[in-house]
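Q: Encoded as structure tokens, here's the structure I'll be asking about.
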Amino acid sequence: MHKTTAKMSSTATVTRAHLDNKLALAKRCSREATLAGAKAAAVATVASAVPTLASVRMLPWAKANLNPTGQALIVCTVAGMAYFVAADKAILSLARRHSYESAPDHLKDTSFHGGAAAAARPRPPAFFRP
């Protein structure tokens, strides 16, 4: 293993192992997001196909206006939307968790500290205040 010369700050260097670790973490996160999206797409396919096919058989308007291409378009659109929404949600939650884990300790403390620190903070302009 060799060290790369890219500097994160004046005291820390990025090693090959660190970059490999980050790459493995990104691959694992994308795999988890893909699986979450596929599961959501499978559920959405069934959840949209059943009422679509049932309505074509029972409702005169649907029977007259929804040909097989329209039915497939409805089902595929719902499945695709479910896939991307679930995958995006999984990626954002994993990124949030990993960024919190790697954050410095002084940033992890999200509790509100009143007193001198709050008084020293500048107030927003009047048009931003309620």
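Following the order of the structure tokens, first chain is A, next is B, and so on, with residues numbered from 1 inside each chain and ligands from 1 in the order they appear.
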Using only C-alpha atoms, which protein or nucleic acid residues come within 12 Å of Ser55 in chain A? Drop anything in the same chain fewer than 5 positions from it, and give the result as a list in words.
A: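 Skipping anything fewer than 5 positions along the chain leaves Ser48, Ala49, Val50, Pro60, Trp61, Ala62, Lys63, Ala64, Asn65, Leu66, Asn67 and Gln71 of chain A.
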Q: Find the spatial neighbours of Tyr83 in chain A, counting only C-alpha atoms, within a cut-off of 7 Å - ignore same-chain residues fewer than 6 positions away - and output them as an NGL selection string.
A: :A and (37-38 or 40-41)
Q: For the residues in that selection, give me N, CA and C atoms as a PDB file, in the first residue's frame.
A:
ATOM      1  N   GLY A  37     -35.192  -0.282  -3.702  1.00  0.00           N
ATOM      2  CA  GLY A  37     -35.984   0.161  -4.845  1.00  0.00           C
ATOM      3  C   GLY A  37     -36.666  -0.995  -5.551  1.00  0.00           C
ATOM      4  N   ALA A  38     -35.972  -2.122  -5.698  1.00  0.00           N
ATOM      5  CA  ALA A  38     -36.567  -3.283  -6.361  1.00  0.00           C
ATOM      6  C   ALA A  38     -37.736  -3.846  -5.557  1.00  0.00           C
ATOM      7  N   ALA A  40     -39.653  -2.122  -3.515  1.00  0.00           N
ATOM      8  CA  ALA A  40     -40.756  -1.167  -3.632  1.00  0.00           C
ATOM      9  C   ALA A  40     -41.411  -1.264  -5.004  1.00  0.00           C
ATOM     10  N   ALA A  41     -40.619  -1.482  -6.039  1.00  0.00           N
ATOM     11  CA  ALA A  41     -41.174  -1.607  -7.390  1.00  0.00           C
ATOM     12  C   ALA A  41     -42.035  -2.859  -7.514  1.00  0.00           C
TER      13      ALA A  41
END
Q: Have a look at CA of Thr45 in chain A and CA of Arg28 in chain A and let me know their distance in Å, one decimal.
A: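 According to the coordinates, CA of Thr45 in chain A and CA of Arg28 in chain A are separated by 25.6 Å.
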Q: Kindly give the distance, in Å, that separates CA of Ala90 in chain A and CA of Ala33 in chain A, rounded to a single decimal.
A: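 So the two atoms, CA of Ala90 in chain A and CA of Ala33 in chain A, lie 5.2 Å apart.
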Q: Applying 12 Å and only C-alpha atoms, which residues near Leu25 in chain A remain after dropping the ones on its own chain fewer than 2 positions away? List them as a PyMOL selection string.
A: chain A and resi 18-23+27-32+91+94-95+97-99
Q: Could you save the residues just selected, with N, CA and C atoms, as a short mmCIF file (atom, residue, chain, number, x, y, z; two decimals), in the first residue's frame?
A:
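Now in selection-v4.cif:
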data_model
loop_
_atom_site.label_atom_id
_atom_site.label_comp_id
_atom_site.auth_asym_id
_atom_site.auth_seq_id
_atom_site.Cartn_x
_atom_site.Cartn_y
_atom_site.Cartn_z
N HIS A 18 -7.96 4.22 3.02
CA HIS A 18 -9.10 5.09 3.30
C HIS A 18 -9.99 5.22 2.07
N LEU A 19 -9.36 5.41 0.91
CA LEU A 19 -10.13 5.53 -0.33
C LEU A 19 -10.82 4.22 -0.68
N ASP A 20 -10.13 3.09 -0.45
CA ASP A 20 -10.75 1.78 -0.69
C ASP A 20 -11.94 1.56 0.24
N ASN A 21 -11.80 2.01 1.48
CA ASN A 21 -12.88 1.88 2.44
C ASN A 21 -14.09 2.71 2.01
N LYS A 22 -13.83 3.94 1.55
CA LYS A 22 -14.92 4.80 1.08
C LYS A 22 -15.62 4.20 -0.14
N LEU A 23 -14.83 3.62 -1.06
CA LEU A 23 -15.40 3.00 -2.25
C LEU A 23 -16.25 1.79 -1.89
N LYS A 27 -20.27 1.37 -2.57
CA LYS A 27 -20.84 0.22 -3.28
C LYS A 27 -21.89 -0.48 -2.45
N ARG A 28 -21.63 -0.63 -1.15
CA ARG A 28 -22.62 -1.28 -0.27
C ARG A 28 -23.89 -0.44 -0.17
N CYS A 29 -23.74 0.87 -0.08
CA CYS A 29 -24.91 1.75 0.01
C CYS A 29 -25.73 1.70 -1.28
N SER A 30 -25.06 1.68 -2.43
CA SER A 30 -25.81 1.64 -3.68
C SER A 30 -26.50 0.30 -3.85
N ARG A 31 -25.88 -0.78 -3.37
CA ARG A 31 -26.53 -2.09 -3.43
C ARG A 31 -27.78 -2.12 -2.54
N GLU A 32 -27.65 -1.58 -1.33
CA GLU A 32 -28.81 -1.53 -0.43
C GLU A 32 -29.94 -0.70 -1.03
N ILE A 91 -30.71 6.00 -0.19
CA ILE A 91 -29.41 6.64 -0.36
C ILE A 91 -29.27 7.83 0.58
N LEU A 94 -28.83 6.59 4.25
CA LEU A 94 -27.50 6.03 4.46
C LEU A 94 -26.42 7.11 4.45
N ALA A 95 -26.54 8.07 3.55
CA ALA A 95 -25.57 9.16 3.51
C ALA A 95 -25.63 9.99 4.79
N ARG A 97 -26.59 8.95 7.75
CA ARG A 97 -26.03 8.15 8.84
C ARG A 97 -24.50 8.12 8.77
N HIS A 98 -23.95 7.92 7.58
CA HIS A 98 -22.50 7.83 7.48
C HIS A 98 -21.83 9.18 7.67
N SER A 99 -22.47 10.25 7.25
CA SER A 99 -21.85 11.56 7.47
C SER A 99 -21.88 11.91 8.96
#
